[in-house]
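Novice: Contents of target-v4.txt (compact mmCIF, C-alpha atoms and all ligand atoms) are given next:
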# COMPACT_ATOMS: atom_id res chain seq x y z
CA MET A 1 -157.91 -10.40 -48.15
CA ARG A 2 -155.49 -12.56 -50.17
CA GLN A 3 -153.03 -14.30 -47.88
CA HIS A 4 -150.34 -15.00 -50.47
CA VAL A 5 -149.17 -12.81 -53.27
CA ASN A 6 -146.68 -13.97 -55.88
CA PRO A 7 -143.82 -11.47 -55.49
CA LEU A 8 -142.45 -12.42 -58.91
CA SER A 9 -145.57 -11.17 -60.68
CA SER A 10 -144.84 -8.35 -63.13
CA ASN A 11 -147.38 -6.24 -61.16
CA PHE A 12 -144.56 -5.47 -58.76
CA ASN A 13 -141.89 -4.48 -61.30
CA GLN A 14 -142.89 -0.82 -61.01
CA ILE A 15 -142.31 0.56 -57.56
CA GLU A 16 -144.04 3.49 -55.91
CA ARG A 17 -142.13 6.75 -55.44
CA ILE A 18 -139.91 6.52 -52.39
CA PRO A 19 -140.07 9.82 -50.48
CA SER A 20 -137.02 11.29 -48.74
CA LEU A 21 -136.47 10.53 -45.04
CA SER A 22 -137.58 14.04 -44.11
CA GLU A 23 -140.88 13.46 -45.95
CA MET A 24 -141.34 10.13 -44.19
CA PHE A 25 -140.41 11.13 -40.65
CA GLY A 26 -140.62 14.06 -38.23
CA ASP A 27 -136.95 13.68 -37.35
CA SER A 28 -135.09 12.19 -40.29
CA LYS A 29 -131.88 11.80 -38.26
CA SER A 30 -133.24 9.27 -35.77
CA ASN A 31 -132.01 5.67 -35.95
CA LEU A 32 -133.93 3.77 -38.60
CA HIS A 33 -135.29 0.22 -38.47
CA LEU A 34 -136.80 -1.55 -41.49
CA ASP A 35 -139.27 -4.45 -41.16
CA ILE A 36 -139.68 -6.48 -44.34
CA GLY A 37 -143.04 -8.19 -44.85
CA CYS A 38 -144.70 -6.16 -42.07
CA ALA A 39 -148.29 -7.18 -42.99
CA ALA A 40 -150.73 -4.68 -41.37
CA GLY A 41 -147.86 -3.15 -39.40
CA GLU A 42 -149.19 -3.78 -35.85
CA PHE A 43 -145.69 -4.69 -34.66
CA LEU A 44 -144.33 -1.39 -36.00
CA PHE A 45 -147.21 0.63 -34.51
CA ASP A 46 -146.46 -0.94 -31.12
CA LEU A 47 -142.76 -0.10 -31.48
CA ALA A 48 -143.18 3.40 -32.87
CA LEU A 49 -145.55 4.52 -30.11
CA VAL A 50 -143.15 3.49 -27.35
CA ASN A 51 -139.71 4.16 -28.88
CA THR A 52 -140.24 7.63 -30.21
CA ARG A 53 -136.50 8.14 -30.71
CA TRP A 54 -136.40 5.51 -33.45
CA ASN A 55 -137.91 5.72 -36.92
CA TYR A 56 -139.67 2.62 -38.26
CA LEU A 57 -140.20 1.72 -41.88
CA GLY A 58 -142.29 -1.22 -43.07
CA ILE A 59 -142.38 -2.80 -46.52
CA GLU A 60 -145.34 -4.99 -47.43
CA ILE A 61 -146.47 -6.49 -50.72
CA ARG A 62 -150.24 -6.56 -49.97
CA GLU A 63 -151.43 -3.16 -51.08
CA LYS A 64 -154.61 -2.97 -49.03
CA LEU A 65 -152.70 -3.56 -45.82
CA VAL A 66 -150.31 -0.74 -46.65
CA LYS A 67 -153.14 1.64 -47.56
CA ASN A 68 -154.86 0.97 -44.23
CA ALA A 69 -151.61 1.28 -42.28
CA LYS A 70 -150.80 4.61 -43.97
CA LEU A 71 -154.25 5.91 -43.13
CA LYS A 72 -153.81 4.92 -39.47
CA VAL A 73 -150.43 6.71 -39.33
CA PHE A 74 -152.04 9.83 -40.77
CA GLU A 75 -155.07 9.75 -38.46
CA ARG A 76 -152.96 9.18 -35.35
CA GLU A 77 -150.37 11.75 -36.46
CA ILE A 78 -147.48 9.35 -35.87
CA LYS A 79 -144.25 10.94 -37.02
CA ASN A 80 -141.79 8.06 -36.71
CA LEU A 81 -143.53 5.42 -38.80
CA TYR A 82 -143.85 4.97 -42.57
CA PHE A 83 -145.00 2.18 -44.88
CA ILE A 84 -144.02 1.36 -48.46
CA PHE A 85 -146.05 -0.92 -50.69
CA GLY A 86 -144.34 -3.42 -53.00
CA ASN A 87 -141.94 -6.31 -53.33
CA ALA A 88 -139.09 -5.59 -50.90
CA ASN A 89 -136.57 -7.10 -53.31
CA ASN A 90 -137.53 -4.72 -56.10
CA ILE A 91 -137.77 -1.73 -53.78
CA LEU A 92 -134.39 -2.16 -52.15
CA ASN A 93 -132.75 -2.99 -55.46
CA ASN A 94 -134.01 0.28 -56.94
CA VAL A 95 -131.71 3.26 -57.19
CA GLN A 96 -134.39 5.43 -55.54
CA SER A 97 -133.99 3.54 -52.26
CA LYS A 98 -130.24 3.73 -51.85
CA PHE A 99 -130.44 6.59 -49.35
CA ILE A 100 -132.37 4.34 -46.95
CA PHE A 101 -129.25 2.28 -46.28
CA LYS A 102 -127.28 5.25 -45.00
CA ASN A 103 -129.45 5.67 -41.87
CA LEU A 104 -130.46 2.08 -41.46
CA LYS A 105 -129.34 0.56 -38.14
CA SER A 106 -131.24 -2.71 -38.39
CA LEU A 107 -133.71 -4.71 -40.44
CA SER A 108 -135.96 -7.62 -39.61
CA PHE A 109 -137.48 -10.52 -41.50
CA ASN A 110 -140.20 -11.72 -39.12
CA PHE A 111 -141.93 -14.95 -40.06
CA PRO A 112 -141.60 -14.49 -43.82
CA ASP A 113 -143.77 -16.63 -46.07
CA PRO A 114 -142.25 -20.13 -46.19
CA TRP A 115 -143.33 -21.07 -49.74
CA PHE A 116 -143.13 -24.77 -48.91
CA LYS A 117 -143.09 -26.22 -52.45
CA LYS A 118 -139.59 -26.48 -53.88
CA ARG A 119 -140.66 -24.87 -57.17
CA HIS A 120 -141.84 -21.84 -55.16
CA TYR A 121 -138.61 -21.34 -53.20
CA LYS A 122 -137.69 -18.56 -55.59
CA ARG A 123 -140.62 -16.57 -54.20
CA ARG A 124 -139.03 -16.47 -50.75
CA VAL A 125 -138.06 -12.95 -49.83
CA ILE A 126 -134.52 -13.91 -48.80
CA GLN A 127 -132.58 -14.86 -51.92
CA PRO A 128 -128.78 -14.98 -52.40
CA GLU A 129 -128.99 -12.03 -54.87
CA PHE A 130 -130.98 -9.99 -52.35
CA ILE A 131 -128.48 -10.73 -49.57
CA ASN A 132 -125.75 -9.69 -51.97
CA ILE A 133 -127.50 -6.35 -52.52
CA LEU A 134 -127.81 -5.88 -48.75
CA SER A 135 -124.20 -6.87 -48.30
CA ASN A 136 -123.10 -4.22 -50.83
CA SER A 137 -125.43 -1.52 -49.51
CA LEU A 138 -125.67 -1.80 -45.71
CA GLN A 139 -123.29 0.15 -43.50
CA LYS A 140 -120.91 -1.85 -41.34
CA GLY A 141 -122.53 -2.59 -37.98
CA THR A 142 -126.10 -2.87 -39.36
CA PHE A 143 -128.03 -5.76 -37.81
CA ILE A 144 -130.26 -8.25 -39.59
CA PHE A 145 -132.81 -10.16 -37.49
CA ILE A 146 -134.46 -13.31 -38.82
CA LYS A 147 -137.27 -15.14 -37.05
CA THR A 148 -139.62 -17.94 -38.11
CA ASP A 149 -141.51 -20.96 -36.81
CA VAL A 150 -140.59 -23.03 -39.90
CA LYS A 151 -137.33 -24.90 -39.29
CA ASP A 152 -136.64 -25.56 -42.97
CA LEU A 153 -137.09 -21.87 -43.78
CA PHE A 154 -134.86 -20.90 -40.87
CA ASP A 155 -132.09 -23.21 -42.11
CA TYR A 156 -132.45 -21.80 -45.62
CA MET A 157 -132.33 -18.15 -44.45
CA ASP A 158 -129.48 -18.83 -42.04
CA TYR A 159 -127.48 -20.61 -44.74
CA THR A 160 -128.15 -17.90 -47.34
CA ILE A 161 -127.03 -15.06 -45.06
CA SER A 162 -124.13 -16.97 -43.48
CA SER A 163 -122.81 -17.84 -46.95
CA ASN A 164 -122.15 -14.15 -47.50
CA TYR A 165 -118.78 -13.31 -45.93
CA ASN A 166 -119.93 -9.78 -45.03
CA PHE A 167 -122.29 -11.05 -42.34
CA LYS A 168 -121.39 -12.54 -38.99
CA THR A 169 -123.72 -14.18 -36.45
CA ILE A 170 -124.17 -12.48 -33.08
CA ASP A 171 -124.96 -14.60 -30.06
CA LYS A 172 -128.33 -13.52 -28.65
CA LYS A 173 -126.93 -13.43 -25.13
CA ASP A 174 -124.26 -10.91 -26.23
CA PHE A 175 -126.83 -8.65 -27.86
CA ASN A 176 -127.84 -5.47 -26.07
CA TYR A 177 -131.60 -5.34 -26.70
CA SER A 178 -132.03 -2.18 -24.62
CA GLU A 179 -130.09 -0.22 -27.25
CA SER A 180 -131.89 -1.85 -30.16
CA PHE A 181 -135.01 -1.04 -32.18
CA ASN A 182 -136.98 -3.36 -29.90
CA PRO A 183 -135.89 -2.78 -26.29
CA ASN A 184 -139.11 -4.21 -24.83
CA LYS A 185 -139.06 -7.33 -27.02
CA VAL A 186 -142.44 -6.54 -28.57
CA LYS A 187 -143.81 -9.56 -30.46
CA THR A 188 -145.17 -9.67 -33.99
CA ASN A 189 -148.65 -11.07 -34.67
CA ARG A 190 -147.28 -14.30 -36.08
CA GLU A 191 -144.96 -14.62 -33.11
CA LYS A 192 -147.89 -14.27 -30.69
CA HIS A 193 -149.70 -16.97 -32.64
CA ALA A 194 -146.63 -19.24 -32.48
CA ILE A 195 -146.33 -18.70 -28.71
CA VAL A 196 -150.03 -19.41 -28.05
CA ASN A 197 -149.78 -22.58 -30.15
CA GLN A 198 -146.49 -23.61 -28.52
CA LEU A 199 -144.63 -23.70 -31.81
CA ASP A 200 -140.84 -23.56 -31.83
CA ILE A 201 -139.43 -20.20 -32.82
CA PHE A 202 -136.07 -20.05 -34.58
CA GLU A 203 -134.18 -16.79 -34.68
CA ARG A 204 -130.76 -15.37 -35.41
CA ILE A 205 -129.05 -12.01 -35.43
CA PHE A 206 -126.41 -11.07 -38.00
CA ILE A 207 -124.17 -8.05 -38.19
CA LYS A 208 -122.66 -6.55 -41.34
CA ILE A 209 -118.88 -6.58 -40.90
C1 LIG A 301 -146.40 -14.70 -42.65
S1 LIG A 301 -146.57 -12.97 -42.83
C2 LIG A 301 -145.74 -12.36 -41.36
C3 LIG A 301 -146.18 -10.97 -41.00
C4 LIG A 301 -145.44 -10.32 -39.83
N1 LIG A 301 -144.05 -10.06 -40.17
C5 LIG A 301 -145.52 -11.12 -38.58
O1 LIG A 301 -144.48 -11.62 -38.11
O2 LIG A 301 -146.64 -11.26 -38.04
C6 LIG A 301 -145.42 -12.54 -44.13
C7 LIG A 301 -145.71 -11.19 -44.74
O3 LIG A 301 -144.69 -10.87 -45.70
C8 LIG A 301 -145.30 -10.29 -46.85
N2 LIG A 301 -144.36 -10.50 -47.98
C9 LIG A 301 -144.06 -11.68 -48.58
N3 LIG A 301 -143.16 -11.51 -49.57
C10 LIG A 301 -142.87 -10.18 -49.59
C11 LIG A 301 -142.02 -9.37 -50.39
N4 LIG A 301 -141.26 -9.91 -51.35
N5 LIG A 301 -141.97 -8.04 -50.15
C12 LIG A 301 -142.75 -7.48 -49.18
N6 LIG A 301 -143.58 -8.19 -48.39
C13 LIG A 301 -143.64 -9.53 -48.58
C14 LIG A 301 -146.61 -11.05 -46.96
O4 LIG A 301 -147.57 -10.38 -47.75
C15 LIG A 301 -147.02 -11.15 -45.50
O5 LIG A 301 -147.76 -10.03 -45.08
Here is a file; write its structure as structure tokens.
Ligand SMILES: C[S@@+](CC[C@H](N)C(=O)[O-])C[C@H]1O[C@@H](n2cnc3c(N)ncnc32)[C@H](O)[C@@H]1O

Specialist:
Amino acid sequence: MRQHVNPLSSNFNQIERIPSLSEMFGDSKSNLHLDIGCAAGEFLFDLALVNTRWNYLGIEIREKLVKNAKLKVFEREIKNLYFIFGNANNILNNVQSKFIFKNLKSLSFNFPDPWFKKRHYKRRVIQPEFINILSNSLQKGTFIFIKTDVKDLFDYMDYTISSNYNFKTIDKKDFNYSESFNPNKVKTNREKHAIVNQLDIFERIFIKI
């Protein structure tokens, strides 16, 4: 399985059809959380099975992972979980996806690829243009969660989102996790790895104002 995919490749210019919320979920009116760069989706499976009153949507650029995740959803008959294959930037910038923002209560960027070389920074999923799209599309009150074990990437993401006047930081201690998409503070795979290896984890919560 390839670990890194160049999101700027023209392979990702075409996006797959985005079904309506009622095609994706059993109850299309439930609160919706979007996880960007969800890999095989284990984090979302863990969440969806416990918090059945939330809907969970994952976007992932590695096609095989999405195919397998979709198959698992089908086999286990999970009604509050859906996966979309492709480059999240292209998907969320496409007119087909605009309806997603109406129900979206929160989105997460968990341990996105750091793309360490400066000439590859433009491959990072968080880009000023992308944050601008989110800023113009998200409803007021929508939360964005960022988390990484790479300090430089954290500073970059924090700066990029904070530079947009439509987002404000929320202090973690003032955040009511029990009402959120992740009341039990389920960890992602990368997060578990970071904890086992005693790596620092940097995180921040933003709210659209
Ligand atoms: C380091 S992994 C972290 C996976 C998971 N979020 C976690 O915390 O364990 C980053 C994931 O983001 C995906 N990814 C990178 N750029 C993306 C993009 N533009 N759109 C969608 N997925 C992307 C990668 O393929 C990879 O699966």

Novice: If we draw a sphere of 12 Å around (-136.0, -20.2, -31.9), which residues have at least one atom in it when counting only C-alpha atoms? Please report them as a PyMOL selection string.

Specialist: chain A and resi 110-111+145-151+154-155+172+191+194-195+198-205

Novice: Would you mind listing what lies within 6 Å of Leu104 in chain A as a ChimeraX atom specification, with all atoms listed in the file counted and same-chain residues fewer than 2 positions away left out?

Specialist: /A:32-33,101-102,106

Novice: Give me the residues of range 139-160 of chain A that have any atom at most 12 Å from an atom of range 180-183 of chain A; for each, the nearest atom pair and the distance in Å, rounded to one decimal. Use all atoms listed in the file, sort by chain and number, and format it as a Markdown table.

Specialist:
| residue | atom | partner | partner_atom | distance |
| --- | --- | --- | --- | --- |
| A:Thr142 | CA | A:Ser180 | CA | 10.9 |
| A:Phe143 | CA | A:Ser180 | CA | 9.4 |
| A:Ile144 | CA | A:Phe181 | CA | 11.4 |
| A:Phe145 | CA | A:Phe181 | CA | 10.8 |

Novice: Taking only C-alpha atoms into account, name the residue in A:Val95, A:Ile161, A:Val5, A:Leu44 that is nearest to Ile78 in chain A.

Specialist: A:Leu44

Novice: So which residues fall inside 6 Å of (-136.7, 6.5, -39.4) if we count only C-alpha atoms? Mind giving them as number ranges by chain?

Specialist: A: 28, 30-32, 55-56, 80

Novice: Please report, as a Markdown table, each residue of chain A lying at most 7 Å from ligand LIG 301 (chain A), together with the nearest pair of atoms and the separation in Å rounded to one decimal; use only C-alpha atoms and all ligand atoms, and order rows by chain and ascending residue number.

Specialist:
| residue | atom | partner | partner_atom | distance |
| --- | --- | --- | --- | --- |
| A:Gln3 | CA | A:LIG301 | O4 | 6.7 |
| A:His4 | CA | A:LIG301 | O4 | 6.0 |
| A:Val5 | CA | A:LIG301 | O4 | 6.2 |
| A:Pro7 | CA | A:LIG301 | N4 | 5.1 |
| A:Ile36 | CA | A:LIG301 | C12 | 5.8 |
| A:Gly37 | CA | A:LIG301 | O3 | 3.3 |
| A:Cys38 | CA | A:LIG301 | N1 | 4.4 |
| A:Ala39 | CA | A:LIG301 | O5 | 3.6 |
| A:Ile59 | CA | A:LIG301 | C12 | 5.4 |
| A:Glu60 | CA | A:LIG301 | N6 | 3.8 |
| A:Ile61 | CA | A:LIG301 | N6 | 4.1 |
| A:Arg62 | CA | A:LIG301 | O4 | 5.2 |
| A:Gly86 | CA | A:LIG301 | C12 | 5.8 |
| A:Asn87 | CA | A:LIG301 | N5 | 3.6 |
| A:Ala88 | CA | A:LIG301 | N5 | 3.9 |
| A:Asn89 | CA | A:LIG301 | N4 | 5.8 |
| A:Phe109 | CA | A:LIG301 | N1 | 6.7 |
| A:Asn110 | CA | A:LIG301 | N1 | 4.3 |
| A:Phe111 | CA | A:LIG301 | O1 | 4.6 |
| A:Pro112 | CA | A:LIG301 | C6 | 4.3 |
| A:Asp113 | CA | A:LIG301 | C1 | 4.7 |
| A:Arg124 | CA | A:LIG301 | N3 | 6.6 |
| A:Val125 | CA | A:LIG301 | N4 | 4.7 |
| A:Thr188 | CA | A:LIG301 | O2 | 4.6 |
| A:Asn189 | CA | A:LIG301 | O2 | 3.9 |
| A:Arg190 | CA | A:LIG301 | O2 | 3.7 |
| A:Glu191 | CA | A:LIG301 | O1 | 5.9 |

Novice: I need the chosen residues saved as a compact mmCIF listing (two decimals), in the frame of the given file, with C-alpha atoms.

Specialist:
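Below is the file selection-v2.txt, written as the result:
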# COMPACT_ATOMS: atom_id res chain seq x y z
CA GLN A 3 -153.03 -14.30 -47.88
CA HIS A 4 -150.34 -15.00 -50.47
CA VAL A 5 -149.17 -12.81 -53.27
CA PRO A 7 -143.82 -11.47 -55.49
CA ILE A 36 -139.68 -6.48 -44.34
CA GLY A 37 -143.04 -8.19 -44.85
CA CYS A 38 -144.70 -6.16 -42.07
CA ALA A 39 -148.29 -7.18 -42.99
CA ILE A 59 -142.38 -2.80 -46.52
CA GLU A 60 -145.34 -4.99 -47.43
CA ILE A 61 -146.47 -6.49 -50.72
CA ARG A 62 -150.24 -6.56 -49.97
CA GLY A 86 -144.34 -3.42 -53.00
CA ASN A 87 -141.94 -6.31 -53.33
CA ALA A 88 -139.09 -5.59 -50.90
CA ASN A 89 -136.57 -7.10 -53.31
CA PHE A 109 -137.48 -10.52 -41.50
CA ASN A 110 -140.20 -11.72 -39.12
CA PHE A 111 -141.93 -14.95 -40.06
CA PRO A 112 -141.60 -14.49 -43.82
CA ASP A 113 -143.77 -16.63 -46.07
CA ARG A 124 -139.03 -16.47 -50.75
CA VAL A 125 -138.06 -12.95 -49.83
CA THR A 188 -145.17 -9.67 -33.99
CA ASN A 189 -148.65 -11.07 -34.67
CA ARG A 190 -147.28 -14.30 -36.08
CA GLU A 191 -144.96 -14.62 -33.11

Novice: Which one is closest to Ile209 in chain A: A:Ser135, A:Ser163, A:Asn197, A:Asn11? Count all atoms listed in the file.

Specialist: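 Under the stated criterion, the closest residue is A:Ser135.
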
Novice: What is the CA of Ala69 in chain A-CA of Phe12 in chain A distance in Å, reported with one decimal?

Specialist: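 A separation of 19.2 Å between them.
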
Novice: Could you tell me which of A:Leu107, A:Arg123, A:Glu42, A:Arg53 comes closest to Lys72 in chain A if we count only C-alpha atoms?

Specialist: A:Glu42

Novice: As an exercise, work out the distance from CA of Ile84 in chain A to CA of Phe25 in chain A in Å and give it to one decimal place.

Specialist: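 Calculated distance between CA of Ile84 in chain A and CA of Phe25 in chain A is 13.0 Å.
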
Novice: Just give me the gap between CA of Phe83 in chain A and CA of Val66 in chain A in Å, one decimal is fine.

Specialist: 6.3 Å

Novice: Considering only C-alpha atoms, state which residue in the set A:Gly58, A:Gly26, A:Lys168, A:Asn132 is at the smallest distance from Lys79 in chain A.

Specialist: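 Using only C-alpha atoms, the shortest distance to Lys79 in chain A belongs to A:Gly26.
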
Novice: Counting all atoms listed in the file, which residue out of A:Asp171, A:Glu75, A:Asp35, A:Asp27 sits closest to Thr52 in chain A?

Specialist: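 Ranked by minimum distance to Thr52 in chain A, first place goes to A:Asp27.
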
Novice: When distances are computed from all atoms listed in the file, which of A:Phe74, A:Phe167, A:Phe116, A:Phe175 shows the smallest separation from Leu153 in chain A?

Specialist: A:Phe116
